[in-house]
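Data block for work-v5.pdb (PDB, C-alpha atoms):
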ATOM      1  CA  MET A   9     100.304 166.669  44.341
ATOM      2  CA  ARG A  10     103.421 165.701  46.286
ATOM      3  CA  ALA A  11     103.611 162.154  47.621
ATOM      4  CA  ALA A  12     106.241 159.768  48.951
ATOM      5  CA  VAL A  13     105.978 156.704  46.701
ATOM      6  CA  LEU A  14     107.378 153.300  47.690
ATOM      7  CA  TYR A  15     108.686 151.406  44.642
ATOM      8  CA  THR A  16     110.641 148.645  46.359
ATOM      9  CA  PRO A  17     111.861 148.294  49.958
ATOM     10  CA  GLY A  18     114.213 151.193  50.571
ATOM     11  CA  ASP A  19     113.357 152.934  47.290
ATOM     12  CA  ILE A  20     111.128 155.808  48.431
ATOM     13  CA  ARG A  21     110.744 158.769  46.083
ATOM     14  CA  LEU A  22     109.132 162.139  46.662
ATOM     15  CA  GLU A  23     107.198 162.716  43.440
ATOM     16  CA  ASN A  24     104.406 164.691  41.849
ATOM     17  CA  VAL A  25     101.441 162.391  41.226
ATOM     18  CA  ASP A  26      97.837 162.927  40.180
ATOM     19  CA  LYS A  27      95.592 164.393  42.850
ATOM     20  CA  PRO A  28      92.847 161.873  43.690
ATOM     21  CA  VAL A  29      89.215 162.574  42.818
ATOM     22  CA  PRO A  30      86.488 161.452  45.251
ATOM     23  CA  LYS A  31      83.951 158.934  43.989
ATOM     24  CA  ALA A  32      80.378 158.656  45.204
ATOM     25  CA  ASN A  33      80.267 158.137  48.982
ATOM     26  CA  GLU A  34      83.856 159.393  49.340
ATOM     27  CA  VAL A  35      85.483 162.635  50.425
ATOM     28  CA  LEU A  36      88.743 164.256  49.426
ATOM     29  CA  LEU A  37      90.907 164.970  52.460
ATOM     30  CA  ARG A  38      93.744 167.435  52.725
ATOM     31  CA  VAL A  39      96.101 165.442  54.941
ATOM     32  CA  ALA A  40      96.721 167.344  58.180
ATOM     33  CA  ALA A  41      99.059 164.971  60.007
ATOM     34  CA  VAL A  42     100.343 161.452  59.419
ATOM     35  CA  GLY A  43     102.427 159.336  61.755
ATOM     36  CA  VAL A  44     104.990 156.637  61.110
ATOM     37  CA  CYS A  45     103.758 153.303  62.435
ATOM     38  CA  GLY A  46     106.168 150.617  63.581
ATOM     39  CA  SER A  47     104.755 148.413  60.816
ATOM     40  CA  ASP A  48     105.872 151.003  58.244
ATOM     41  CA  LEU A  49     109.528 150.245  58.974
ATOM     42  CA  PRO A  50     109.606 146.641  57.666
ATOM     43  CA  ARG A  51     107.021 147.520  55.014
ATOM     44  CA  MET A  52     109.042 150.376  53.543
ATOM     45  CA  LEU A  53     112.560 149.124  54.242
ATOM     46  CA  ILE A  54     112.533 145.291  54.245
ATOM     47  CA  LYS A  55     109.425 143.379  53.179
ATOM     48  CA  GLY A  56     107.576 145.785  50.907
ATOM     49  CA  ALA A  57     103.837 146.436  50.735
ATOM     50  CA  HIS A  58     101.016 144.222  49.473
ATOM     51  CA  LYS A  59     101.380 145.966  46.110
ATOM     52  CA  MET A  60     103.936 148.448  44.761
ATOM     53  CA  PRO A  61     104.414 151.180  43.769
ATOM     54  CA  ILE A  62     102.217 152.586  46.514
ATOM     55  CA  ILE A  63     101.843 155.596  48.787
ATOM     56  CA  CYS A  64     102.107 154.315  52.363
ATOM     57  CA  GLY A  65     100.910 155.969  55.580
ATOM     58  CA  HIS A  66      97.838 154.848  57.545
ATOM     59  CA  GLU A  67      97.894 156.799  60.837
ATOM     60  CA  PHE A  68      96.396 160.079  59.684
ATOM     61  CA  SER A  69      93.923 162.883  60.033
ATOM     62  CA  GLY A  70      92.722 165.379  57.450
ATOM     63  CA  HIS A  71      90.365 168.218  56.655
ATOM     64  CA  ILE A  72      87.550 167.551  54.217
ATOM     65  CA  GLU A  73      88.148 169.536  51.058
ATOM     66  CA  GLU A  74      85.578 168.053  48.693
ATOM     67  CA  LEU A  75      82.454 165.916  49.117
ATOM     68  CA  GLY A  76      81.683 163.154  46.645
ATOM     69  CA  ALA A  77      78.155 162.419  45.469
ATOM     70  CA  SER A  78      75.732 161.109  48.139
ATOM     71  CA  VAL A  79      77.897 162.163  51.099
ATOM     72  CA  THR A  80      75.871 163.494  54.023
ATOM     73  CA  GLY A  81      76.663 164.276  57.638
ATOM     74  CA  PHE A  82      79.993 165.979  56.903
ATOM     75  CA  SER A  83      81.009 169.427  55.723
ATOM     76  CA  ARG A  84      83.977 171.002  54.012
ATOM     77  CA  GLY A  85      86.597 171.906  56.571
ATOM     78  CA  ASP A  86      85.694 169.166  59.064
ATOM     79  CA  LEU A  87      88.698 167.567  60.750
ATOM     80  CA  VAL A  88      88.395 163.779  60.669
ATOM     81  CA  THR A  89      90.443 160.779  61.672
ATOM     82  CA  VAL A  90      90.366 157.737  59.419
ATOM     83  CA  PRO A  91      90.329 154.089  60.541
ATOM     84  CA  PRO A  92      92.734 152.553  57.996
ATOM     85  CA  MET A  93      90.984 149.213  57.427
ATOM     86  CA  LEU A  94      88.201 148.889  54.866
ATOM     87  CA  PRO A  95      86.450 145.646  55.838
ATOM     88  CA  CYS A  96      84.546 143.733  53.171
ATOM     89  CA  GLY A  97      81.353 143.670  55.261
ATOM     90  CA  THR A  98      80.266 140.300  53.897
ATOM     91  CA  CYS A  99      82.571 137.596  55.320
ATOM     92  CA  ASP A 100      81.760 135.560  58.427
ATOM     93  CA  GLN A 101      84.038 137.694  60.614
ATOM     94  CA  CYS A 102      82.453 140.956  59.495
ATOM     95  CA  ALA A 103      79.013 139.412  60.055
ATOM     96  CA  THR A 104      79.875 138.913  63.728
ATOM     97  CA  GLY A 105      81.453 142.366  64.140
ATOM     98  CA  ASN A 106      85.013 141.030  64.252
ATOM     99  CA  PHE A 107      86.261 143.448  61.605
ATOM    100  CA  SER A 108      89.915 143.135  62.651
ATOM    101  CA  ARG A 109      89.714 139.541  61.365
ATOM    102  CA  CYS A 110      88.019 140.406  58.045
ATOM    103  CA  ARG A 111      88.966 137.832  55.417
ATOM    104  CA  ASN A 112      88.916 140.202  52.427
ATOM    105  CA  TYR A 113      89.848 143.678  53.599
ATOM    106  CA  ASP A 114      91.447 146.703  51.975
ATOM    107  CA  TYR A 115      93.893 148.901  53.896
ATOM    108  CA  PHE A 116      95.270 152.400  53.515
ATOM    109  CA  GLY A 117      98.998 152.492  52.977
ATOM    110  CA  SER A 118      99.548 148.820  52.214
ATOM    111  CA  ARG A 119      96.809 147.710  49.793
ATOM    112  CA  ARG A 120      95.618 151.121  48.587
ATOM    113  CA  ASP A 121      97.301 154.516  48.530
ATOM    114  CA  GLY A 122      97.652 156.070  51.945
ATOM    115  CA  ALA A 123      98.485 159.428  53.480
ATOM    116  CA  TYR A 124     102.176 160.116  52.860
ATOM    117  CA  ALA A 125     100.792 162.657  50.432
ATOM    118  CA  GLU A 126      99.039 166.011  50.287
ATOM    119  CA  TRP A 127      95.582 164.556  49.610
ATOM    120  CA  VAL A 128      93.830 161.214  49.975
ATOM    121  CA  CYS A 129      90.286 160.004  49.313
ATOM    122  CA  ALA A 130      88.376 158.062  51.954
ATOM    123  CA  PRO A 131      84.921 156.470  52.090
ATOM    124  CA  VAL A 132      82.433 158.162  54.375
ATOM    125  CA  GLU A 133      82.171 154.931  56.439
ATOM    126  CA  ASN A 134      85.805 155.454  57.452
ATOM    127  CA  LEU A 135      85.409 158.984  58.768
ATOM    128  CA  LEU A 136      85.223 159.992  62.418
ATOM    129  CA  LYS A 137      84.676 163.697  63.014
ATOM    130  CA  ALA A 138      87.080 165.110  65.586
ATOM    131  CA  PRO A 139      85.680 167.181  68.471
ATOM    132  CA  GLU A 140      85.947 170.953  68.192
ATOM    133  CA  GLY A 141      89.468 172.169  68.966
ATOM    134  CA  CYS A 142      91.106 168.763  68.585
ATOM    135  CA  ASP A 143      94.741 168.960  67.467
ATOM    136  CA  PRO A 144      95.169 167.220  64.061
ATOM    137  CA  ARG A 145      98.204 165.379  65.446
ATOM    138  CA  ALA A 146      96.102 163.952  68.263
ATOM    139  CA  ALA A 147      93.488 162.849  65.714
ATOM    140  CA  ALA A 148      96.260 161.111  63.758
ATOM    141  CA  MET A 149      97.219 159.099  66.854
ATOM    142  CA  VAL A 150      93.862 157.420  67.362
ATOM    143  CA  ASP A 151      95.100 154.338  65.504
ATOM    144  CA  PRO A 152      97.985 153.388  67.858
ATOM    145  CA  ALA A 153      96.017 154.390  70.947
ATOM    146  CA  SER A 154      93.014 152.312  69.882
ATOM    147  CA  ILE A 155      95.255 149.298  69.191
ATOM    148  CA  ALA A 156      96.381 149.439  72.819
ATOM    149  CA  LEU A 157      92.787 149.682  74.051
ATOM    150  CA  HIS A 158      91.646 146.805  71.810
ATOM    151  CA  ALA A 159      94.443 144.620  73.199
ATOM    152  CA  ILE A 160      93.547 145.328  76.820
ATOM    153  CA  TRP A 161      89.895 144.576  76.146
ATOM    154  CA  LYS A 162      90.879 141.330  74.383
ATOM    155  CA  ALA A 163      92.628 140.284  77.606
ATOM    156  CA  GLY A 164      89.522 140.992  79.657
ATOM    157  CA  GLY A 165      90.260 144.550  80.712
ATOM    158  CA  VAL A 166      91.693 145.921  83.939
ATOM    159  CA  ARG A 167      89.885 145.662  87.265
ATOM    160  CA  MET A 168      90.307 148.267  89.980
ATOM    161  CA  GLY A 169      93.451 147.435  91.922
ATOM    162  CA  ASP A 170      95.035 145.201  89.279
ATOM    163  CA  ARG A 171      98.717 145.511  88.498
ATOM    164  CA  GLY A 172      99.522 146.050  84.819
ATOM    165  CA  ALA A 173     102.726 145.642  82.855
ATOM    166  CA  VAL A 174     103.921 146.672  79.406
ATOM    167  CA  ILE A 175     106.919 145.281  77.544
ATOM    168  CA  GLY A 176     107.927 147.523  74.644
ATOM    169  CA  CYS A 177     107.469 151.247  75.253
ATOM    170  CA  GLY A 178     106.833 152.600  71.784
ATOM    171  CA  PRO A 179     103.673 154.675  71.271
ATOM    172  CA  ILE A 180     101.317 151.678  71.545
ATOM    173  CA  GLY A 181     102.971 150.595  74.768
ATOM    174  CA  LEU A 182     102.877 154.155  76.116
ATOM    175  CA  PHE A 183      99.157 154.338  75.419
ATOM    176  CA  ALA A 184      98.673 150.906  77.046
ATOM    177  CA  ILE A 185     100.248 152.258  80.243
ATOM    178  CA  GLN A 186      97.811 155.157  80.267
ATOM    179  CA  TRP A 187      94.764 153.000  79.511
ATOM    180  CA  MET A 188      95.607 150.655  82.385
ATOM    181  CA  LEU A 189      95.853 153.556  84.808
ATOM    182  CA  LEU A 190      92.608 155.100  83.517
ATOM    183  CA  MET A 191      90.896 151.739  84.096
ATOM    184  CA  GLY A 192      92.029 151.609  87.710
ATOM    185  CA  ALA A 193      95.345 149.739  87.769
ATOM    186  CA  ARG A 194      97.105 150.439  91.066
ATOM    187  CA  ASP A 195     100.470 150.553  89.283
ATOM    188  CA  VAL A 196     102.078 149.636  85.970
ATOM    189  CA  VAL A 197     105.458 148.020  85.314
ATOM    190  CA  ALA A 198     107.234 149.107  82.098
ATOM    191  CA  ILE A 199     110.118 147.215  80.459
ATOM    192  CA  ASP A 200     112.199 148.205  77.433
ATOM    193  CA  VAL A 201     115.717 147.911  75.988
ATOM    194  CA  SER A 202     116.103 151.708  75.951
ATOM    195  CA  GLU A 203     116.482 154.005  78.939
ATOM    196  CA  GLN A 204     115.130 156.820  76.742
ATOM    197  CA  LYS A 205     111.956 154.818  76.134
ATOM    198  CA  LEU A 206     111.671 154.126  79.854
ATOM    199  CA  GLU A 207     111.791 157.859  80.524
ATOM    200  CA  LEU A 208     108.800 158.230  78.181
ATOM    201  CA  ALA A 209     107.115 155.379  80.058
ATOM    202  CA  ARG A 210     107.533 157.316  83.292
ATOM    203  CA  GLN A 211     105.960 160.343  81.622
ATOM    204  CA  ALA A 212     103.053 158.078  80.618
ATOM    205  CA  GLY A 213     102.592 157.159  84.281
ATOM    206  CA  ALA A 214     104.538 153.906  84.726
ATOM    207  CA  THR A 215     105.298 153.382  88.403
ATOM    208  CA  HIS A 216     108.111 150.815  87.984
ATOM    209  CA  THR A 217     110.555 150.765  85.046
ATOM    210  CA  PHE A 218     113.187 148.177  84.175
ATOM    211  CA  LEU A 219     115.629 147.545  81.370
ATOM    212  CA  VAL A 220     115.227 144.194  79.612
ATOM    213  CA  GLY A 221     117.082 141.476  81.501
ATOM    214  CA  ALA A 222     116.713 143.045  84.940
ATOM    215  CA  ASP A 223     115.575 140.805  87.794
ATOM    216  CA  LEU A 224     112.055 141.782  88.788
ATOM    217  CA  PRO A 225     110.815 141.199  92.331
ATOM    218  CA  LYS A 226     108.154 138.493  92.507
ATOM    219  CA  GLU A 227     105.792 140.957  94.149
ATOM    220  CA  LEU A 228     105.642 142.821  90.802
ATOM    221  CA  LEU A 229     104.081 139.936  88.893
ATOM    222  CA  ALA A 230     101.195 141.455  86.941
ATOM    223  CA  ASP A 231      97.533 140.606  86.413
ATOM    224  CA  ILE A 232      97.598 141.846  82.815
ATOM    225  CA  ILE A 233     100.635 142.218  80.570
ATOM    226  CA  VAL A 234     100.733 143.865  77.151
ATOM    227  CA  GLU A 235     103.635 142.614  75.006
ATOM    228  CA  ALA A 236     104.297 145.263  72.364
ATOM    229  CA  ALA A 237     107.781 144.422  71.096
ATOM    230  CA  GLY A 238     107.432 141.120  69.227
ATOM    231  CA  HIS A 239     110.905 139.845  70.142
ATOM    232  CA  PRO A 240     111.498 136.291  71.410
ATOM    233  CA  THR A 241     112.972 137.542  74.685
ATOM    234  CA  SER A 242     110.083 139.933  75.310
ATOM    235  CA  VAL A 243     107.481 137.256  74.540
ATOM    236  CA  ASN A 244     109.057 134.861  77.034
ATOM    237  CA  ALA A 245     109.494 137.642  79.591
ATOM    238  CA  ALA A 246     105.829 138.624  79.237
ATOM    239  CA  VAL A 247     104.676 135.069  79.958
ATOM    240  CA  ARG A 248     106.888 134.768  83.044
ATOM    241  CA  LEU A 249     105.781 138.187  84.329
ATOM    242  CA  ALA A 250     102.182 137.033  84.748
ATOM    243  CA  ALA A 251     100.774 136.563  88.227
ATOM    244  CA  PRO A 252      98.803 133.361  88.926
ATOM    245  CA  GLY A 253      95.690 133.434  86.766
ATOM    246  CA  GLY A 254      97.002 136.463  84.890
ATOM    247  CA  HIS A 255      96.493 137.462  81.274
ATOM    248  CA  VAL A 256      99.132 138.175  78.628
ATOM    249  CA  VAL A 257      98.138 139.840  75.348
ATOM    250  CA  PHE A 258     100.500 139.973  72.388
ATOM    251  CA  ILE A 259     100.441 142.846  69.899
ATOM    252  CA  GLY A 260     104.128 143.046  68.942
ATOM    253  CA  ILE A 261     104.750 141.801  65.384
ATOM    254  CA  PRO A 262     107.685 139.347  65.236
ATOM    255  CA  VAL A 263     110.050 139.029  62.294
ATOM    256  CA  GLY A 264     111.268 135.466  62.922
ATOM    257  CA  ASP A 265     110.091 132.415  64.837
ATOM    258  CA  ILE A 266     109.202 132.792  68.517
ATOM    259  CA  PRO A 267     110.421 129.840  70.614
ATOM    260  CA  LEU A 268     108.882 129.539  74.073
ATOM    261  CA  THR A 269     111.343 128.353  76.707
ATOM    262  CA  ASN A 270     110.469 125.435  78.956
ATOM    263  CA  ALA A 271     110.500 127.782  81.957
ATOM    264  CA  ALA A 272     107.991 130.130  80.300
ATOM    265  CA  PHE A 273     105.791 127.217  79.204
ATOM    266  CA  GLN A 274     105.844 125.684  82.673
ATOM    267  CA  HIS A 275     104.921 129.070  84.183
ATOM    268  CA  PHE A 276     101.833 129.694  82.076
ATOM    269  CA  LEU A 277     100.816 126.027  82.402
ATOM    270  CA  ARG A 278     101.169 125.722  86.174
ATOM    271  CA  GLN A 279      99.987 129.254  87.014
ATOM    272  CA  GLU A 280      97.015 128.945  84.647
ATOM    273  CA  VAL A 281      98.002 132.051  82.712
ATOM    274  CA  SER A 282      95.851 132.989  79.708
ATOM    275  CA  LEU A 283      97.593 134.034  76.474
ATOM    276  CA  HIS A 284      95.763 136.250  73.970
ATOM    277  CA  GLY A 285      96.457 137.484  70.470
ATOM    278  CA  SER A 286      95.291 140.947  69.424
ATOM    279  CA  TRP A 287      95.202 142.357  65.918
ATOM    280  CA  ASN A 288      94.250 145.865  64.822
ATOM    281  CA  SER A 289      91.603 147.746  66.782
ATOM    282  CA  PHE A 290      88.086 147.439  65.422
ATOM    283  CA  GLY A 291      84.661 146.617  66.808
ATOM    284  CA  ALA A 292      80.978 146.962  65.985
ATOM    285  CA  PRO A 293      79.445 149.164  64.802
ATOM    286  CA  TYR A 294      82.537 149.859  62.729
ATOM    287  CA  PRO A 295      85.043 151.133  63.744
ATOM    288  CA  GLY A 296      83.846 150.443  67.292
ATOM    289  CA  LYS A 297      84.186 151.982  70.727
ATOM    290  CA  GLN A 298      87.917 151.365  70.473
ATOM    291  CA  TRP A 299      88.009 154.335  68.093
ATOM    292  CA  THR A 300      85.234 156.544  69.463
ATOM    293  CA  VAL A 301      86.391 156.299  73.082
ATOM    294  CA  THR A 302      90.017 156.850  72.072
ATOM    295  CA  LEU A 303      89.218 159.928  69.991
ATOM    296  CA  ASP A 304      87.308 161.466  72.890
ATOM    297  CA  LYS A 305      90.109 160.751  75.379
ATOM    298  CA  LEU A 306      92.793 162.178  73.086
ATOM    299  CA  ALA A 307      90.757 165.293  72.333
ATOM    300  CA  SER A 308      89.958 165.903  76.008
ATOM    301  CA  GLY A 309      93.547 165.449  77.168
ATOM    302  CA  ALA A 310      92.778 162.386  79.312
ATOM    303  CA  LEU A 311      95.245 160.513  77.097
ATOM    304  CA  LYS A 312      98.582 162.317  76.813
ATOM    305  CA  TRP A 313     100.175 162.166  73.382
ATOM    306  CA  GLU A 314     102.354 165.186  72.631
ATOM    307  CA  PHE A 315     105.292 163.971  74.740
ATOM    308  CA  MET A 316     105.619 160.955  72.407
ATOM    309  CA  ILE A 317     106.345 163.029  69.288
ATOM    310  CA  THR A 318     110.114 163.154  68.870
ATOM    311  CA  HIS A 319     110.101 164.425  65.260
ATOM    312  CA  ASP A 320     107.568 166.831  63.697
ATOM    313  CA  LEU A 321     108.561 167.139  60.033
ATOM    314  CA  GLU A 322     107.528 168.233  56.549
ATOM    315  CA  LEU A 323     106.619 165.613  53.945
ATOM    316  CA  GLU A 324     109.748 166.484  51.930
ATOM    317  CA  GLU A 325     111.839 165.050  54.753
ATOM    318  CA  LEU A 326     110.240 161.599  54.639
ATOM    319  CA  PRO A 327     112.637 159.783  52.256
ATOM    320  CA  GLY A 328     115.639 161.064  54.211
ATOM    321  CA  ILE A 329     114.176 160.008  57.555
ATOM    322  CA  PHE A 330     113.500 156.484  56.307
ATOM    323  CA  GLU A 331     117.056 156.300  54.954
ATOM    324  CA  ARG A 332     118.296 157.294  58.394
ATOM    325  CA  LEU A 333     116.055 154.678  59.995
ATOM    326  CA  ARG A 334     117.624 152.118  57.659
ATOM    327  CA  THR A 335     121.259 153.033  58.290
ATOM    328  CA  ASP A 336     121.585 154.693  61.707
ATOM    329  CA  ARG A 337     121.136 152.171  64.518
ATOM    330  CA  GLU A 338     121.710 154.884  67.131
ATOM    331  CA  PHE A 339     118.858 157.066  65.843
ATOM    332  CA  PHE A 340     116.337 157.501  68.661
ATOM    333  CA  PHE A 341     112.686 158.149  67.893
ATOM    334  CA  SER A 342     109.310 157.439  69.401
ATOM    335  CA  LYS A 343     106.646 158.943  67.141
ATOM    336  CA  ILE A 344     107.588 160.603  63.861
ATOM    337  CA  MET A 345     104.866 162.890  62.499
ATOM    338  CA  PHE A 346     104.712 164.419  59.021
ATOM    339  CA  HIS A 347     102.750 167.437  57.782
ATOM    340  CA  PRO A 348     102.171 167.485  54.007
TER     341      PRO A 348
END

I need this file expressed as structure tokens, please.
Amino acid sequence: MRAAVLYTPGDIRLENVDKPVPKANEVLLRVAAVGVCGSDLPRMLIKGAHKMPIICGHEFSGHIEELGASVTGFSRGDLVTVPPMLPCGTCDQCATGNFSRCRNYDYFGSRRDGAYAEWVCAPVENLLKAPEGCDPRAAAMVDPASIALHAIWKAGGVRMGDRGAVIGCGPIGLFAIQWMLLMGARDVVAIDVSEQKLELARQAGATHTFLVGADLPKELLADIIVEAAGHPTSVNAAVRLAAPGGHVVFIGIPVGDIPLTNAAFQHFLRQEVSLHGSWNSFGAPYPGKQWTVTLDKLASGALKWEFMITHDLELEELPGIFERLRTDREFFFSKIMFHP
């Protein structure tokens, strides 16, 4: 089968590799759609994966082509989405249903072969059947959408009439905007370095949009802020954007150290702002309502997703796109989707 294999950061080769064979309690999936996650950029271009060579890609959907021994409840041809984490199920965090904090997990695309390929095998525990008529690309976007939902729930959720804010308007941030509005936020502030991203934020429903560095009126301080950029300036801005007693949840992944300015520290201290970390998107029973609710909302159209896709490409184009991502700083993208 064809697959994009990562050998070292920046060395991505489209090759013919052995087609996987499903073991007991696994299925063979024909990959239908796979998205590029923001975490794939440093993984494939800078830091590398947990092990290499490896086939990356963890935001994906597929059609079941073959059932391994003992598999029940699924049929050939079913469209499924696949939560990418394989929790150990035995550590103290798994025992309490906190699978995102599993101490000994496996993961598609970073610790085991993922979906930048024609086929991939997945355990039956990691399959969620998509509703009838669901677009495979929508099913492949459950992962980023569920990460946004998990983060908002970690911060206590949105109450009717709250004001929300999002800093960093990539796909996760765009889904966070929509979740806040679905939960009853009266308006949502969106902040980004890119005017093109802010236009997408407006399509997602943001009621106020600002470029990074703009002076925000004090009346726009927010009850809940999702920080989805992971940059020192955005982290400090998120803290200072919180209304008294507000909540800030961080899901952006930083590259370097994150210093907190004295002004930001004084703000969260004196205004009794709560700061939250959020990682992945899983709950109990695995993979949790984060995934089941998200899949239903994407399939029904309550969550908009198609406007985020800026590139809809064949697998053969993957090495070239990552080379462009490495070298072209002016290259604009939101969600890149591949079809093996």

field: Surrounding residues of Asn288 of chain A excluding itself and chain neighbours under 5 positions, 8 Å, all atoms listed in the file, as a list in words
entry: Ser108, Ile155 and His158 of chain A

- prompt: Using all atoms listed in the file, what residues lie at most 12 Å away from (80.0, 164.4, 60.9) (file coordinates), given as an NGL selection string?
  reply: :A and (35 or 71-72 or 79-89 or 132-140)

field: Neighbour residues at most 6 Å from (99.9, 146.3, 53.2) (all atoms listed in the file) as a list of chain:residue names
entry: A:Ala57, A:His58, A:Ser118, A:Arg119

- request: Given the file shown, determine the residues that the PyMOL selection byres ((chain A and resi 285) around 8) selects; report them as an MDAnalysis selection string.
  value: chainID A and resid 159 162 257:259 283:284 286:287

Please, could you write that set of residues out with C-alpha atoms as a JSON list (two decimals), keeping the file's coordinate frame?
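Written output follows (again15.json):
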[["chain", "number", "residue", "atom", "x", "y", "z"],
["A", 159, "ALA", "CA", 94.44, 144.62, 73.20],
["A", 162, "LYS", "CA", 90.88, 141.33, 74.38],
["A", 257, "VAL", "CA", 98.14, 139.84, 75.35],
["A", 258, "PHE", "CA", 100.50, 139.97, 72.39],
["A", 259, "ILE", "CA", 100.44, 142.85, 69.90],
["A", 283, "LEU", "CA", 97.59, 134.03, 76.47],
["A", 284, "HIS", "CA", 95.76, 136.25, 73.97],
["A", 286, "SER", "CA", 95.29, 140.95, 69.42],
["A", 287, "TRP", "CA", 95.20, 142.36, 65.92]]

- prompt: Hey, can you check how far atom CA of Met168 of chain A sits from atom CA of Ala146 of chain A?
  reply: 27.4 Å

query: Can you list what the PyMOL selection byres ((chain A and resi 14-30) around 10) grabs from this structure, as number ranges by chain?
result: A: 9-13, 31-37, 49-57, 59-64, 74-77, 117, 121, 124-131, 323-328, 330-331, 334

- prompt: Between A:Leu311, A:Val42, A:Leu189, A:Cys177, which is the closest to Ser202 of chain A once you count all atoms listed in the file?
  reply: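 Ranked by minimum distance to Ser202 of chain A, first place goes to A:Cys177.
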
message: So that I can check the surroundings of Ile344 of chain A, please list as a list of chain:residue names every protein, DNA and RNA residue that reaches within 6 Å of it, counting all atoms listed in the file and ignoring chain neighbours fewer than 6 positions away.
response: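 These residues fall inside the cut-off: A:Gly43, A:Val44, A:His319.
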
- prompt: Evaluating the PyMOL selection byres ((chain A and resi 214-220) around 10) on the displayed file yields which residues, as a count of residues only?
  reply: 37

message: Between atom CA of Ser154 of chain A and atom CA of Pro92 of chain A, what is the distance in Å, rounded to a tenth?
response: 11.9 Å
